[in-house]
2 protein chains.
Amino acid sequence: MNILIENALAVLPNGGKDEIGRHNIYIEEKIIAGIDEEPQGFKADKVISGDNRLVIPGLINSHTHTYMSMMRNCADDLSFTDWLFNTIDPIEAELTPEDAYWGSLLGQIEMIKAGTTTFNDQQMHIHMVTRAAKESGMRAVISRGLVGSEYDRSDRRLTEALEEMGDGKDCDRLNFLLGPHAPYSCGPEYLRMIADVAAEKGLGIHMHIAEGAVESENMERDHHCTPVEYVRDAGIFKNHTIAAHCIRVSDSDMDILKENNVSVVTNPASNMKLGNGFAPVPAMLDKGINVCLGTDGAASNNGQNMFREMGFLSLIHKGVHDTPQCVGAKEVFKMSTINGAKALGLDKITGSIEKGKRADLAILRLDVPSMMPNNNLLAALCYSANGSEVDTVVIDGQVVMEDREIKTLDEERVYHEIRSLCERLGLDKKSY
Amino acid sequence: MNILIENALAVLPNGGKDEIGRHNIYIEEKIIAGIDEEPQGFKADKVISGDNRLVIPGLINSHTHTYMSMMRNCADDLSFTDWLFNTIDPIEAELTPEDAYWGSLLGQIEMIKAGTTTFNDQQMHIHMVTRAAKESGMRAVISRGLVGSEYDRSDRRLTEALEEMGDGKDCDRLNFLLGPHAPYSCGPEYLRMIADVAAEKGLGIHMHIAEGAVESENMERDHHCTPVEYVRDAGIFKNHTIAAHCIRVSDSDMDILKENNVSVVTNPASNMKLGNGFAPVPAMLDKGINVCLGTDGAASNNGQNMFREMGFLSLIHKGVHDTPQCVGAKEVFKMSTINGAKALGLDKITGSIEKGKRADLAILRLDVPSMMPNNNLLAALCYSANGSEVDTVVIDGQVVMEDREIKTLDEERVYHEIRSLCERLGLDKKSY
């Protein structure tokens, strides 16, 4: 389908300056085929009026666990270890693949409704996330969480992961990474094996690193190094790596991340909620590390709304450093769009509104109180928007949401299935 | 009008436990006339179905400056002193009363859309806030910002304030306080005069106290005391006082606030945005201080959405103190409802769903992703909701919003006027 978005305010990169101006955007099938300049022979099947609208690149949620949306609000106000080992892990052990499918759809609905077009997911049952993303229309980068201790190329989880990746072959919106879970759940030999397999197969890495204090303390006690050094020494960073969290990182850890071109995903809400503190985002930006933004899973956030997350990211570091100039709206916008695309190796495809890229766009209403007056709209995205301003979402040229109605999925059916499986799994035990 | 909200999940106080159950709520004119028990001779003019709905007490925004909504995003990423003295004060000096009226309406629309039913406002042109609140249908507590240095009962601002309060006499949704602005803008003799006038007239006090580092440093240098001690010594606390911010408060300052029954309004987003840090909310709660929640004005927040604010409040202290148990959802709910009502002297009237109180309610959709699964709904209000779940708002028994459409105001007209006045005032100079 060909779409013309007519005479709309849009954020265009303009050499990294992210400037807002009024433009016509021409979409041919999956591609942004022209901006202001009409492609030869273009005929619009659909015209979207730019009246009172702002077009932004679709947001990129660079670290989440979509199926955990079914576990929203069932493990609140717990310490990280209680939360993970005593609450979440036992629930995950009970999940069927079908549960993972419905849970992932719930997370994807919440993301689409708040303008996210691409997400980076790590979890089990990746063939079910694949199935869900094929249906929702979202762009996804998917990795199975891997844990182990031996250098064993026949490791069951790895074998299943490589096999399940095959399900995504027929859909070019889907990409796959290897997902060694974390320094505390992967022994050095296991990590070395994953690093080798990734290098052989040309796969990137998605890993949690330096999330909590206990992780760093145990690493120092057992291996006399930091989590970042531990992962580097296992050879992981010889592959394109995206590292979630990086809260407990020293100055020299940050140098290691920079030298190895590791992208860092910061997850402010989840990090606060689990009592893990604040990642040193201003220092990482100063060092030139590619920092991007993620929600983490809904068991610890508890939302999948990137606008909420942009609000947190843009404010907490000003508070922590008593500095209102710290982490400004323009930086947050980049972390939520193009930096995420770079981290996922997708910056040729998505993350900005440019001719030749895939049409991954969110269209926001400007005639709503949180965007009024329509002055400094990049600031409005961070400092007052809540995500409900998003009206229409286009992913890979497909209109996935229009007038806030999701076109690709039956929302009611998803909620019905979520209610049933929560009852079966006892997740409603905290109920009213 | 009589309204029945039929078979809806609702948060009832149940002796401070805030429990959620399924109830019929009967509203007769302005009053909650019965819960589950139908009042004699009750005849509903309107029935609101409780299907997939959660009823909560309307939220109370305990500190804001509504007309500053017109200044949203025109003074971002500045130090507190640059922000106030070099940017906001000069804009305020240019405002006409009519500007204040439209600005306040913009703020009130944003509040209603996210379930706020009562706000506590301090600014100039209070007859215009009064006019706006009469039209919007909101419950408001209003004070004019007062600054001065002498003990002068004929002070122009005070005289005007007392006179303009008269405009609210015919509307029992409106209450008035005296608003000495801040320790740094009110001399000790001026404060003493305000304290005396308040006592004579039986008016409470609404004041900014201990917002920034410079305020505390200057106070120590010039008066050898803390801002809290300075205000106490001027006799302000002999009146019912609501103090906004209280960020830079010592342990002994907090004891003074507690001993004097001063309510504290915390404003997390504004405090972070201006680089003023984090108020010691957990310590204040431990001391038994009545802490409530506010957005502050949109020049420093920049939203007027209490759900966004509840998200900040519920997470930042967990991050600051590395403690996931810190400031839980139940506490945040109280700070956003009944504690605000107590601070404003309105707890007999609003702040909870109880028979005999005024019908100030927000009704949220539960068939939306941020509330799914419908397990632990108090947690969902803080940790995943964004405010757009609010579907219907009832204030003083009047349906002020239904299906997200505001019934009392012409939204389009307000936006039109805001666009014009921003152009006139040059607030669009930061525009795209």
# chains A, B, ... in the order shown; residues from 1 in each chain; ligands from 1
>>> interface_residues(of="chain A", to="chain B", cutoff="7 Å", atoms="only C-alpha atoms", output="VMD selection string")
chain A and resid 20 to 21 70 72 to 74 77 to 79 106 109 to 110 269 272 to 278 301 to 303 315 to 316 318 to 320 322 to 325 328 369 to 370 373 375 to 376 379 to 380 383 to 384 386 388 418 to 419 428 430 to 432
>>> residues_around(residues="Asp396 in chain B", least_positions_apart="5", cutoff="7 Å", atoms="only C-alpha atoms", output="list of chain:residue names")
B:Lys30, B:Arg358, B:Ala359, B:Asp360
>>> write_last_selection(atoms="C-alpha atoms", output="PDB file, in the first residue's frame")
ATOM      1  CA  LYS B  30     -23.543  16.163  45.023  1.00  0.00           C
ATOM      2  CA  ARG B 358     -19.056  14.615  47.960  1.00  0.00           C
ATOM      3  CA  ALA B 359     -19.011  12.451  44.819  1.00  0.00           C
ATOM      4  CA  ASP B 360     -15.490  13.183  43.506  1.00  0.00           C
TER       5      ASP B 360
END
>>> closest_residue(among="B:Ile88, B:Leu12, B:Ala140, B:Leu366", to="Gly340 in chain B", atoms="only C-alpha atoms")
B:Ala140
>>> select_by_dssp(residues="range 151-267 of chain A", states="strand (DSSP E)", output="MDAnalysis selection string")
chainID A and resid 174:176 179:180 205:209 241:245 263:266
>>> residues_around(residues="range 41-49 of chain B", least_positions_apart="2", cutoff="10 Å", atoms="only C-alpha atoms", output="JSON, numbers by chain")
{"B": [1, 2, 3, 4, 5, 6, 7, 8, 24, 25, 26, 27, 28, 33, 34, 38, 39, 51, 52, 53, 363, 392]}
>>> residues_around(residues="Pro280 in chain A", least_positions_apart="4", cutoff="10 Å", atoms="only C-alpha atoms", output="list in words")
His245, Cys246, Ile247, Arg248, Val249, Ser250, Asp251, Met254, Thr266, Met284, Leu285, His317 and Val320 of chain A
>>> atom_distance(atom1="CA of Gly356 in chain A", atom2="CA of Gly288 in chain A")
27.1 Å
>>> residues_around(residues="range 91-99 of chain A", least_positions_apart="4", cutoff="8 Å", atoms="only C-alpha atoms", output="list of chain:residue names")
A:Tyr67, A:Thr87, A:Gly103, A:His125, A:Met128, A:Leu421, A:Leu425
>>> write_last_selection(atoms="N, CA and C atoms", output="mmCIF file, in the first residue's frame")
data_model
loop_
_atom_site.group_PDB
_atom_site.id
_atom_site.type_symbol
_atom_site.label_atom_id
_atom_site.label_comp_id
_atom_site.auth_asym_id
_atom_site.auth_seq_id
_atom_site.Cartn_x
_atom_site.Cartn_y
_atom_site.Cartn_z
ATOM 1 N N TYR A 67 6.774 -11.326 27.168
ATOM 2 C CA TYR A 67 5.716 -12.191 27.722
ATOM 3 C C TYR A 67 5.508 -11.975 29.215
ATOM 4 N N THR A 87 10.259 -15.592 42.973
ATOM 5 C CA THR A 87 8.932 -15.242 42.455
ATOM 6 C C THR A 87 8.827 -15.440 40.942
ATOM 7 N N GLY A 103 1.145 -13.744 26.357
ATOM 8 C CA GLY A 103 1.843 -12.734 27.164
ATOM 9 C C GLY A 103 2.597 -11.750 26.283
ATOM 10 N N HIS A 125 10.936 -19.692 24.904
ATOM 11 C CA HIS A 125 9.853 -19.888 23.926
ATOM 12 C C HIS A 125 9.914 -18.857 22.801
ATOM 13 N N MET A 128 7.462 -18.525 20.008
ATOM 14 C CA MET A 128 6.154 -17.943 20.306
ATOM 15 C C MET A 128 6.186 -16.410 20.222
ATOM 16 N N LEU A 421 -5.288 -17.516 31.521
ATOM 17 C CA LEU A 421 -4.006 -18.128 31.894
ATOM 18 C C LEU A 421 -3.535 -17.625 33.259
ATOM 19 N N LEU A 425 -2.527 -20.058 36.284
ATOM 20 C CA LEU A 425 -1.193 -19.985 36.894
ATOM 21 C C LEU A 425 -1.239 -19.404 38.311
#
>>> select_by_dssp(residues="range 9-165 of chain A", states="helix (DSSP H, G or I)", output="ChimeraX atom specification")
/A:66-71,80-94,97-113,126-136,156-165
>>> write_last_selection(atoms="C-alpha atoms", output="PDB file, in the first residue's frame")
ATOM      1  CA  THR A  66       7.440  -9.119  26.367  1.00  0.00           C
ATOM      2  CA  TYR A  67       5.716 -12.191  27.722  1.00  0.00           C
ATOM      3  CA  MET A  68       6.311 -10.997  31.286  1.00  0.00           C
ATOM      4  CA  SER A  69       3.424  -8.588  30.689  1.00  0.00           C
ATOM      5  CA  MET A  70       1.226 -11.359  32.064  1.00  0.00           C
ATOM      6  CA  MET A  71       3.209 -11.053  35.317  1.00  0.00           C
ATOM      7  CA  PHE A  80      16.049  -8.248  43.292  1.00  0.00           C
ATOM      8  CA  THR A  81      16.979 -11.761  44.449  1.00  0.00           C
ATOM      9  CA  ASP A  82      13.560 -12.412  46.017  1.00  0.00           C
ATOM     10  CA  TRP A  83      11.935 -11.046  42.916  1.00  0.00           C
ATOM     11  CA  LEU A  84      13.924 -13.126  40.423  1.00  0.00           C
ATOM     12  CA  PHE A  85      14.726 -16.395  42.144  1.00  0.00           C
ATOM     13  CA  ASN A  86      11.743 -16.801  44.480  1.00  0.00           C
ATOM     14  CA  THR A  87       8.932 -15.242  42.455  1.00  0.00           C
ATOM     15  CA  ILE A  88       9.557 -14.811  38.722  1.00  0.00           C
ATOM     16  CA  ASP A  89      11.663 -17.909  38.011  1.00  0.00           C
ATOM     17  CA  PRO A  90       9.059 -20.277  39.554  1.00  0.00           C
ATOM     18  CA  ILE A  91       6.297 -18.671  37.471  1.00  0.00           C
ATOM     19  CA  GLU A  92       8.384 -18.929  34.301  1.00  0.00           C
ATOM     20  CA  ALA A  93       9.017 -22.603  34.976  1.00  0.00           C
ATOM     21  CA  GLU A  94       5.252 -23.214  34.737  1.00  0.00           C
ATOM     22  CA  PRO A  97       4.603 -21.948  24.960  1.00  0.00           C
ATOM     23  CA  GLU A  98       1.006 -20.810  24.397  1.00  0.00           C
ATOM     24  CA  ASP A  99       1.163 -18.679  27.560  1.00  0.00           C
ATOM     25  CA  ALA A 100       4.313 -17.035  26.218  1.00  0.00           C
ATOM     26  CA  TYR A 101       2.501 -16.261  22.962  1.00  0.00           C
ATOM     27  CA  TRP A 102      -0.432 -14.492  24.664  1.00  0.00           C
ATOM     28  CA  GLY A 103       1.843 -12.734  27.164  1.00  0.00           C
ATOM     29  CA  SER A 104       4.025 -11.407  24.361  1.00  0.00           C
ATOM     30  CA  LEU A 105       0.958 -10.152  22.478  1.00  0.00           C
ATOM     31  CA  LEU A 106      -0.174  -8.261  25.594  1.00  0.00           C
ATOM     32  CA  GLY A 107       3.231  -6.572  25.825  1.00  0.00           C
ATOM     33  CA  GLN A 108       3.208  -5.768  22.114  1.00  0.00           C
ATOM     34  CA  ILE A 109      -0.257  -4.182  22.310  1.00  0.00           C
ATOM     35  CA  GLU A 110       0.934  -1.886  25.102  1.00  0.00           C
ATOM     36  CA  MET A 111       4.027  -0.954  23.092  1.00  0.00           C
ATOM     37  CA  ILE A 112       2.142  -0.198  19.867  1.00  0.00           C
ATOM     38  CA  LYS A 113      -0.383   1.950  21.750  1.00  0.00           C
ATOM     39  CA  ILE A 126      11.216 -17.570  21.257  1.00  0.00           C
ATOM     40  CA  HIS A 127       9.239 -19.287  18.518  1.00  0.00           C
ATOM     41  CA  MET A 128       6.154 -17.943  20.306  1.00  0.00           C
ATOM     42  CA  VAL A 129       7.472 -14.369  20.396  1.00  0.00           C
ATOM     43  CA  THR A 130       8.270 -14.830  16.720  1.00  0.00           C
ATOM     44  CA  ARG A 131       4.712 -15.994  16.051  1.00  0.00           C
ATOM     45  CA  ALA A 132       3.279 -13.050  18.043  1.00  0.00           C
ATOM     46  CA  ALA A 133       5.440 -10.439  16.278  1.00  0.00           C
ATOM     47  CA  LYS A 134       4.552 -11.854  12.866  1.00  0.00           C
ATOM     48  CA  GLU A 135       0.898 -11.286  13.729  1.00  0.00           C
ATOM     49  CA  SER A 136       1.192  -7.895  15.464  1.00  0.00           C
ATOM     50  CA  ARG A 156      20.086 -27.935  25.070  1.00  0.00           C
ATOM     51  CA  ARG A 157      19.043 -24.284  25.376  1.00  0.00           C
ATOM     52  CA  LEU A 158      21.494 -23.148  22.704  1.00  0.00           C
ATOM     53  CA  THR A 159      20.437 -25.923  20.340  1.00  0.00           C
ATOM     54  CA  GLU A 160      16.768 -25.090  20.804  1.00  0.00           C
ATOM     55  CA  ALA A 161      17.474 -21.374  20.368  1.00  0.00           C
ATOM     56  CA  LEU A 162      19.279 -21.919  17.062  1.00  0.00           C
ATOM     57  CA  GLU A 163      16.495 -24.191  15.887  1.00  0.00           C
ATOM     58  CA  GLU A 164      13.674 -21.848  16.917  1.00  0.00           C
ATOM     59  CA  MET A 165      15.348 -18.922  15.135  1.00  0.00           C
TER      60      MET A 165
END
>>> atom_distance(atom1="CA of Ile242 in chain B", atom2="CA of Leu177 in chain B")
9.6 Å
>>> residues_around(residues="range 179-193 of chain B", least_positions_apart="3", cutoff="7 Å", atoms="only C-alpha atoms", output="JSON, numbers by chain")
{"B": [122, 143, 144, 145, 146, 147, 148, 149, 150, 151, 152, 153, 196, 197, 205, 206, 207, 208, 209, 215, 227, 231, 234, 235, 236]}
>>> atom_distance(atom1="CA of Asn290 in chain A", atom2="CA of Glu354 in chain A")
20.4 Å
>>> closest_residue(among="A:Asn267, A:Asn218, A:Ser154, A:Thr226", to="His63 in chain A", atoms="only C-alpha atoms")
A:Asn267
